[in-house]
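A short worksheet on the structure shown next.
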Amino acid sequence: MKFEKEIEQLNKEVEALDNQELAEKQHQKGKLTARERISYLLDPETFVELDPFVETRFNNLGLEKKKVAGDGVIAGFGKINNRLVYVFSQDFTKMGGSLGEMHGQKIVRAIEMARKTGNPVIGIIDSGGARIQEGIASLDGYASIFNTMVKSSGVIPQISVIVGPSAGGACYAPGLSDFIFMVEGLSQMYITGPEVVKKVTGEEVSFEDLGGANTHGTKSGCAHFVFANEKECFTQVKKILSYLPQNNMEDPPRQKSILAELFEKEDNQRLLELVPEESEKGYDMKTVIEELFDKNTFFEVQQGFAINSLVGFARLGGVVVGVVANQTKFMAGVLDIDSSDKIARFVRFCDAFNIPIINLVDTPGYLPGINQEHLGIIRHGAKVLYAYAEATVPKISVILRKAFGGAYIALASRKLGYDKVLAWPSAQIAVMGAEQAVKIIYKREIAESKDPEITEKEKIEEIKKLFLNPMQAAKLGQVDMIINPKDTRLILMRCLEPLLTKREGKVARKHGNVPL
Ligand code: HXC
C-alpha cells in the first residue's frame, strides 16, 4: 500500500528513541520510563500521541548533539475507565526532562485541547526544570504553561503526578494544579536544590528533607497524596478521577440512584457508641465518616497535613460528595491556619466541579494564641468563610457536638449560606464554652459573691442549660432539624436528594477578592 513503508520507518524512529539502554538507566533509579507510566495510567491501546517529531530549534551549548524527536516529553490523549483524559509525561532520559520552548509548547497544546474538549489533564513530572541551554525561551515555555493552566483552572480537573525531580520552574506547574500526587523516595519538588540552599542560607539539607514526598505531604501541604510506589500512585490517580466530572459543566459520575437507598432500613446505631457524650473526649472522626457514607468510599485528601481536620470525597447513596470534618482526635479538632487553608481549597474545588459539600462539625473554634495571630489566623481563617459563602453547590452541615464561635459561623451557620443544618441532641452551639463565658460576663458577680467557687459553678450550669444544646438555634430557625444520630445517614440522603437540582446565580463582577 502507498506510504506503508514510510509510516513504518517513522514509527521505528519513534520507538528507537526509547531504547533499552535509556530504559535501564531510568529503571536503575527505581523509576518507570515516561511511556511505561502512560501505559500504567491509560486503558490498553487507547493512547494517541501528539507531536512525536517536534524538536528544539536551539543549537546552543552542545544542545545540537542532545536534541531528540519529541523534545523530552510524550503528550497525547487516551482513556481511563473509558473516560477521555489528556496526558503528558516528561522523559528524564532525554536532556533530564528539561523544559525547552517546544517541550513547553507540546504541554500547552495538551492542556488547551483538554480544556477545549472538556476533559481532565494529567501531567507526569520528572524534570530538571527550565532547559538551561535555551535561556529565556525555556522560561517563556513555563510562562505559557502557567498561563494556560490558570485559564483552565475550574474548567477541567488538572492533576500533577511527580515521579522524579520537579525542580525550579517545574514545581509551579504542579503548584497551579488541583491535586499533586507524590511517591515516597522518588519525588522531589523544590524551587532551588540543596546546593543553592547551602550557598544562600548556609543550611545543609537533603533532597528528601527539602522537597521529598513526606515533606510536602505533612509539612508544606503542597502534596495532596503520597504513595509508596509509582504503580500504587497511578492506581490512585485513576481512583480520584472516578469521583470527578470531566469538566465544570458536568456532574460527577453517579454510581446508582440515590432514590434506591432512600427506603433502606439500615440505621447508624453504631454512631451512638463512636461519639462519646462527654464533649471533652476525643474520638476518631474517620470512623464516623466510614459509618455515614457508602462503605469504603471515603477518599481522603491531604491525609498527613493539618490532621486536626479531614477533607475528602465520598459517596452517599451513590452520589459523590465532598466531606469536611473536624478530627477531634487531634487538638480537639480546632481550626488553625493549616486546616483553614486545607478546608478552603477543598471547598473551592468542590464548588468549581459541582460536588455537594457535607460538613461534620465538632470543634471548639479557631485556635487562639500569639503564634497563630502572628502567622495570620485572621487572613487564613477568612478563606474558610469566603469559600463556603461563595460556594453555590448544595451545602449541608451536621453538628455532632461543639460548634463554637467563628467555627459555628464558618462550618454551620445558615446565615453564611448552608442549605440545611442538622444537629444531634448533643450539639452545643454557643459563642464560646461555658467556662470561658462565665469568666467574662459574671467576672464581678463571682468576685463579689460569698462563695465565688459555688457561684461560678452555678453560672456555668446556667449557661450550659441555655446554650449547650441545639434548642436555641432551632428556635431561631438556624437549625433545620434535631435528629437522632442513628438516623443521620438516612436524613442526609433525604436532604441531599432535593438539593441536587439547586441552581444559584452569582453576583455580576469581575471576580471577588478572596483573602489569600
Ligand atoms: C538542561 C538539564 C537540566 C536543565 C538536568 N539536565 N537538568 N539540562 N537544563 N535544567 C540534564 C543534565 O545535564 C544531564 O544531561 C541529564 O539532564 C541528567 O541530569 P543529572 O544531573 O545527571 O541527573 P541527576 O544526578 O539525577 O540529578 C537530577 C537533578 C539535577 C537534581 C534534577 O540534574 C539538577 O540539579 N538539575 C538542575 C535543577 C535546577 O536547578 N533547575 C532549575 C532550572 S531554573 P546528560 O547529557 O549529562 O545526561 C528554573 C527557573 C524557572 O527552572 C522559574 C519559573 C518560575
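Residues are referred to by chain and number: the chain letter is A, B, ... according to the order shown in the C-alpha cells, the number counts from 1 in that chain, and ligands are numbered separately from 1 in the order shown.
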
How would you report the residues lying within 6 Å of ligand 1, as a list in words, if you count only C-alpha atoms and all ligand atoms?
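Residues satisfying the distance criterion: Met95, Gly96, Ser98, Gly128, Gly129, Ala130, Arg131, Ile132, Leu139, Pro165, Ala167, Gly168, Gly169, Ala170, Thr192 and Gly193 of chain A.
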
> Near Leu186 in chain A, within 12 Å and counting only C-alpha atoms, which residues show up once chain neighbours fewer than 6 positions away are dropped, as a list in words?
Replying inline: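 Returned residues: Gln26, His27, Lys29, Gly30, Lys31, Leu32, Ile125, Asp126, Val161, Ile162, Val163, Gly164, Pro165, Ser166, Phe207, Glu208, Gly211, Gly212, Ala213, Asn214, Val226, Phe227, Ala228, Asn229, Glu230 and Cys233 of chain A.
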
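One finds CA of Val323 in chain A at 24.1 Å from CA of Gly477 in chain A.
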
Go through range 126-323 of chain A and collect every residue that DSSP, computed from the backbone, puts in alpha helix (DSSP H); the answer should be as a VMD selection string.
chain A and resid 136 to 152 172 to 176 194 to 201 207 to 211 213 to 214 230 to 241 258 to 262 271 to 274 285 to 292

Range 241-243 of chain A environment, 10 Å, only C-alpha atoms, sequence neighbours closer than 2 positions dropped, as a PyMOL selection string: chain A and resi 80-81+83+85+120+157+159+236-239+245-246+251-255+297+299+313-315+319-322+355

Using only C-alpha atoms, the best pick from A:Leu496, A:Arg37, A:Ile111, A:Lys199 as closest to Lys231 in chain A would be A:Arg37

| query | Suppose you want the space between CA of Leu360 in chain A and CA of Ala325 in chain A; what is it in Å? | reply |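 Distance between the two atoms: 4.6 Å.
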
Do a neighbour search on His380 in chain A at 10 Å with only C-alpha atoms, toss out local chain neighbours closer than 3 positions, and write the hits as an NGL selection string. :A and (335-342 or 344 or 372 or 375-377 or 383-385 or 515-516)

Convert the current residue selection to file output with C-alpha atoms, as a PDB file, in the first residue's frame.
ATOM      1  CA  LEU A 335      -9.396  25.308  63.152  1.00  0.00           C
ATOM      2  CA  ASP A 336      -5.873  26.641  62.752  1.00  0.00           C
ATOM      3  CA  ILE A 337      -4.034  28.214  59.857  1.00  0.00           C
ATOM      4  CA  ASP A 338      -3.192  24.999  58.036  1.00  0.00           C
ATOM      5  CA  SER A 339      -6.604  23.408  58.477  1.00  0.00           C
ATOM      6  CA  SER A 340      -8.222  26.642  57.265  1.00  0.00           C
ATOM      7  CA  ASP A 341      -6.159  26.522  54.076  1.00  0.00           C
ATOM      8  CA  LYS A 342      -6.874  22.830  53.632  1.00  0.00           C
ATOM      9  CA  ALA A 344     -10.960  26.417  51.977  1.00  0.00           C
ATOM     10  CA  GLN A 372      -1.462  31.788  65.198  1.00  0.00           C
ATOM     11  CA  LEU A 375       1.034  33.822  61.238  1.00  0.00           C
ATOM     12  CA  GLY A 376      -2.265  35.342  60.170  1.00  0.00           C
ATOM     13  CA  ILE A 377      -5.127  33.230  61.521  1.00  0.00           C
ATOM     14  CA  LYS A 383     -10.540  31.881  53.495  1.00  0.00           C
ATOM     15  CA  VAL A 384     -12.884  29.320  55.043  1.00  0.00           C
ATOM     16  CA  LEU A 385     -15.665  31.880  55.436  1.00  0.00           C
ATOM     17  CA  PRO A 515      -8.227  36.588  51.141  1.00  0.00           C
ATOM     18  CA  LEU A 516      -5.002  34.817  50.140  1.00  0.00           C
TER      19      LEU A 516
END

For this session: Please measure the separation of CA of Phe47 in chain A and CA of Val155 in chain A, giving the value in Å to one decimal.
Result: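 Between CA of Phe47 in chain A and CA of Val155 in chain A the gap works out to 22.8 Å.
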
>> Write out as number ranges by chain the set of residues from range 264-420 of chain A that DSSP, computed on the backbone, places in strand (DSSP E or B).
In response: A: 299-301, 309-316, 319-326, 335, 357-363, 366, 395-404, 420

Export C-alpha atoms of the chosen residues as a PDB file, in the first residue's frame?
ATOM      1  CA  PHE A 299     -11.053   9.074  49.539  1.00  0.00           C
ATOM      2  CA  GLU A 300      -9.104  11.312  51.840  1.00  0.00           C
ATOM      3  CA  VAL A 301      -7.225  14.339  50.515  1.00  0.00           C
ATOM      4  CA  SER A 309      -9.245  18.488  60.018  1.00  0.00           C
ATOM      5  CA  LEU A 310     -10.378  15.906  57.464  1.00  0.00           C
ATOM      6  CA  VAL A 311     -11.318  16.558  53.849  1.00  0.00           C
ATOM      7  CA  GLY A 312     -12.044  14.125  51.056  1.00  0.00           C
ATOM      8  CA  PHE A 313     -14.505  12.689  48.582  1.00  0.00           C
ATOM      9  CA  ALA A 314     -17.073  10.052  49.426  1.00  0.00           C
ATOM     10  CA  ARG A 315     -20.339   8.703  48.073  1.00  0.00           C
ATOM     11  CA  LEU A 316     -23.717   8.994  49.722  1.00  0.00           C
ATOM     12  CA  VAL A 319     -23.773  10.465  44.807  1.00  0.00           C
ATOM     13  CA  VAL A 320     -20.282  11.975  45.040  1.00  0.00           C
ATOM     14  CA  VAL A 321     -19.934  14.476  47.875  1.00  0.00           C
ATOM     15  CA  GLY A 322     -17.083  16.447  49.425  1.00  0.00           C
ATOM     16  CA  VAL A 323     -16.731  15.733  53.150  1.00  0.00           C
ATOM     17  CA  VAL A 324     -15.241  18.284  55.538  1.00  0.00           C
ATOM     18  CA  ALA A 325     -14.897  17.265  59.177  1.00  0.00           C
ATOM     19  CA  ASN A 326     -13.121  18.211  62.381  1.00  0.00           C
ATOM     20  CA  LEU A 335      -9.396  25.308  63.152  1.00  0.00           C
ATOM     21  CA  ILE A 357     -20.418  19.529  50.438  1.00  0.00           C
ATOM     22  CA  ILE A 358     -21.269  17.862  53.738  1.00  0.00           C
ATOM     23  CA  ASN A 359     -19.693  19.137  56.977  1.00  0.00           C
ATOM     24  CA  LEU A 360     -19.408  17.087  60.159  1.00  0.00           C
ATOM     25  CA  VAL A 361     -18.864  19.663  62.864  1.00  0.00           C
ATOM     26  CA  ASP A 362     -17.318  19.176  66.282  1.00  0.00           C
ATOM     27  CA  THR A 363     -14.846  21.924  67.086  1.00  0.00           C
ATOM     28  CA  TYR A 366     -10.394  28.907  65.774  1.00  0.00           C
ATOM     29  CA  LYS A 395     -24.087  22.642  51.427  1.00  0.00           C
ATOM     30  CA  ILE A 396     -25.235  20.580  54.394  1.00  0.00           C
ATOM     31  CA  SER A 397     -23.864  20.759  57.899  1.00  0.00           C
ATOM     32  CA  VAL A 398     -24.287  18.235  60.703  1.00  0.00           C
ATOM     33  CA  ILE A 399     -23.392  19.454  64.195  1.00  0.00           C
ATOM     34  CA  LEU A 400     -22.361  16.474  66.296  1.00  0.00           C
ATOM     35  CA  ARG A 401     -21.189  18.202  69.459  1.00  0.00           C
ATOM     36  CA  LYS A 402     -19.319  21.510  69.679  1.00  0.00           C
ATOM     37  CA  ALA A 403     -19.881  24.357  67.248  1.00  0.00           C
ATOM     38  CA  PHE A 404     -18.434  27.364  68.980  1.00  0.00           C
ATOM     39  CA  LYS A 420     -29.508  22.509  55.630  1.00  0.00           C
TER      40      LYS A 420
END

**Request:** May I ask which of the residues A:Lys116, A:Lys106, A:Phe234, A:Pro356 is the closest one to Glu36 in chain A, counting only C-alpha atoms?
**Result:**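 Distance minimum relative to Glu36 in chain A lands on A:Phe234.
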
- [ ] Compile the contact shell of Val479 in chain A as a ChimeraX atom specification: residues with an atom at most 8 Å away, counting only C-alpha atoms, same-chain residues fewer than 4 positions apart removed.
- [x] /A:414,420-423,470,473-475

Exercise for the section: With a distance cut-off of 6 Å and only C-alpha atoms, select the neighbouring residues of range 303-305 of chain A, excluding the residue or stretch itself and same-chain residues fewer than 5 positions from it, and output the selection as a list of chain:residue names. Expected result: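 The residues that qualify are A:Gly217, A:Thr218, A:Gly221.
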
Output N, CA and C atoms for every residue in the selection just made, as an mmCIF file, in the first residue's frame.
data_model
loop_
_atom_site.group_PDB
_atom_site.id
_atom_site.type_symbol
_atom_site.label_atom_id
_atom_site.label_comp_id
_atom_site.auth_asym_id
_atom_site.auth_seq_id
_atom_site.Cartn_x
_atom_site.Cartn_y
_atom_site.Cartn_z
ATOM 1 N N GLY A 217 3.864 16.184 51.989
ATOM 2 C CA GLY A 217 2.611 15.569 52.448
ATOM 3 C C GLY A 217 2.255 15.949 53.867
ATOM 4 N N THR A 218 3.275 16.319 54.682
ATOM 5 C CA THR A 218 2.972 16.591 56.093
ATOM 6 C C THR A 218 3.296 18.022 56.523
ATOM 7 N N GLY A 221 2.210 20.961 52.964
ATOM 8 C CA GLY A 221 0.827 20.805 52.491
ATOM 9 C C GLY A 221 0.709 20.896 50.978
#

Query raised in the report: Residues at most 12 Å from range 428-438 of chain A, counting only C-alpha atoms, excluding those fewer than 4 positions away in the same chain, as a PyMOL selection string?
Result: chain A and resi 277-280+361-366+398-409+411-413+421-424+442-447+452-453+455-474+478-479+482

Would you write out those residues with C-alpha atoms, as a JSON list (two decimals), in the first residue's frame?
[["chain", "number", "residue", "atom", "x", "y", "z"],
["A", 277, "GLU", "CA", -21.32, 12.03, 75.14],
["A", 278, "GLU", "CA", -18.71, 13.87, 77.19],
["A", 279, "SER", "CA", -17.79, 16.79, 75.00],
["A", 280, "GLU", "CA", -14.15, 16.88, 76.17],
["A", 361, "VAL", "CA", -18.86, 19.66, 62.86],
["A", 362, "ASP", "CA", -17.32, 19.18, 66.28],
["A", 363, "THR", "CA", -14.85, 21.92, 67.09],
["A", 364, "PRO", "CA", -14.14, 24.41, 69.85],
["A", 365, "GLY", "CA", -13.37, 27.07, 67.22],
["A", 366, "TYR", "CA", -10.39, 28.91, 65.77],
["A", 398, "VAL", "CA", -24.29, 18.24, 60.70],
["A", 399, "ILE", "CA", -23.39, 19.45, 64.19],
["A", 400, "LEU", "CA", -22.36, 16.47, 66.30],
["A", 401, "ARG", "CA", -21.19, 18.20, 69.46],
["A", 402, "LYS", "CA", -19.32, 21.51, 69.68],
["A", 403, "ALA", "CA", -19.88, 24.36, 67.25],
["A", 404, "PHE", "CA", -18.43, 27.36, 68.98],
["A", 405, "GLY", "CA", -17.77, 30.91, 67.87],
["A", 406, "GLY", "CA", -16.24, 31.54, 64.46],
["A", 407, "ALA", "CA", -16.19, 27.85, 63.69],
["A", 408, "TYR", "CA", -20.00, 27.71, 64.04],
["A", 409, "ILE", "CA", -20.28, 30.59, 61.61],
["A", 411, "LEU", "CA", -18.99, 25.46, 59.26],
["A", 412, "ALA", "CA", -22.64, 25.52, 60.24],
["A", 413, "SER", "CA", -24.42, 28.87, 60.03],
["A", 421, "VAL", "CA", -28.18, 22.42, 59.18],
["A", 422, "LEU", "CA", -28.84, 19.26, 61.16],
["A", 423, "ALA", "CA", -27.98, 18.89, 64.82],
["A", 424, "TRP", "CA", -27.64, 15.93, 67.12],
["A", 442, "TYR", "CA", -20.00, 37.18, 85.55],
["A", 443, "LYS", "CA", -16.50, 38.27, 86.50],
["A", 444, "ARG", "CA", -17.60, 40.89, 89.01],
["A", 445, "GLU", "CA", -20.57, 38.94, 90.36],
["A", 446, "ILE", "CA", -18.38, 35.91, 91.05],
["A", 447, "ALA", "CA", -15.67, 38.01, 92.75],
["A", 452, "PRO", "CA", -17.02, 32.54, 94.37],
["A", 453, "GLU", "CA", -16.41, 28.87, 93.59],
["A", 455, "THR", "CA", -21.30, 30.94, 92.20],
["A", 456, "GLU", "CA", -19.03, 30.16, 89.29],
["A", 457, "LYS", "CA", -20.31, 26.58, 89.13],
["A", 458, "GLU", "CA", -23.93, 27.76, 89.25],
["A", 459, "LYS", "CA", -23.35, 30.26, 86.47],
["A", 460, "ILE", "CA", -21.62, 27.65, 84.32],
["A", 461, "GLU", "CA", -24.63, 25.35, 84.75],
["A", 462, "GLU", "CA", -26.99, 28.21, 83.85],
["A", 463, "ILE", "CA", -25.11, 28.88, 80.60],
["A", 464, "LYS", "CA", -24.84, 25.21, 79.77],
["A", 465, "LYS", "CA", -28.58, 24.77, 80.17],
["A", 466, "LEU", "CA", -29.25, 27.73, 77.93],
["A", 467, "PHE", "CA", -26.75, 27.27, 75.13],
["A", 468, "LEU", "CA", -25.05, 23.92, 75.25],
["A", 469, "ASN", "CA", -27.81, 22.21, 73.33],
["A", 470, "PRO", "CA", -29.30, 22.80, 69.89],
["A", 471, "MET", "CA", -32.62, 24.23, 71.09],
["A", 472, "GLN", "CA", -31.82, 27.94, 70.97],
["A", 473, "ALA", "CA", -30.53, 27.62, 67.41],
["A", 474, "ALA", "CA", -33.57, 25.53, 66.42],
["A", 478, "GLN", "CA", -30.86, 28.28, 62.41],
["A", 479, "VAL", "CA", -31.01, 24.52, 62.83],
["A", 482, "ILE", "CA", -32.61, 17.96, 65.63]]

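Across A:Lys79, A:Pro394, A:Val334, A:Leu499, the tightest approach to Pro368 in chain A is made by A:Val334 when counting only C-alpha atoms.
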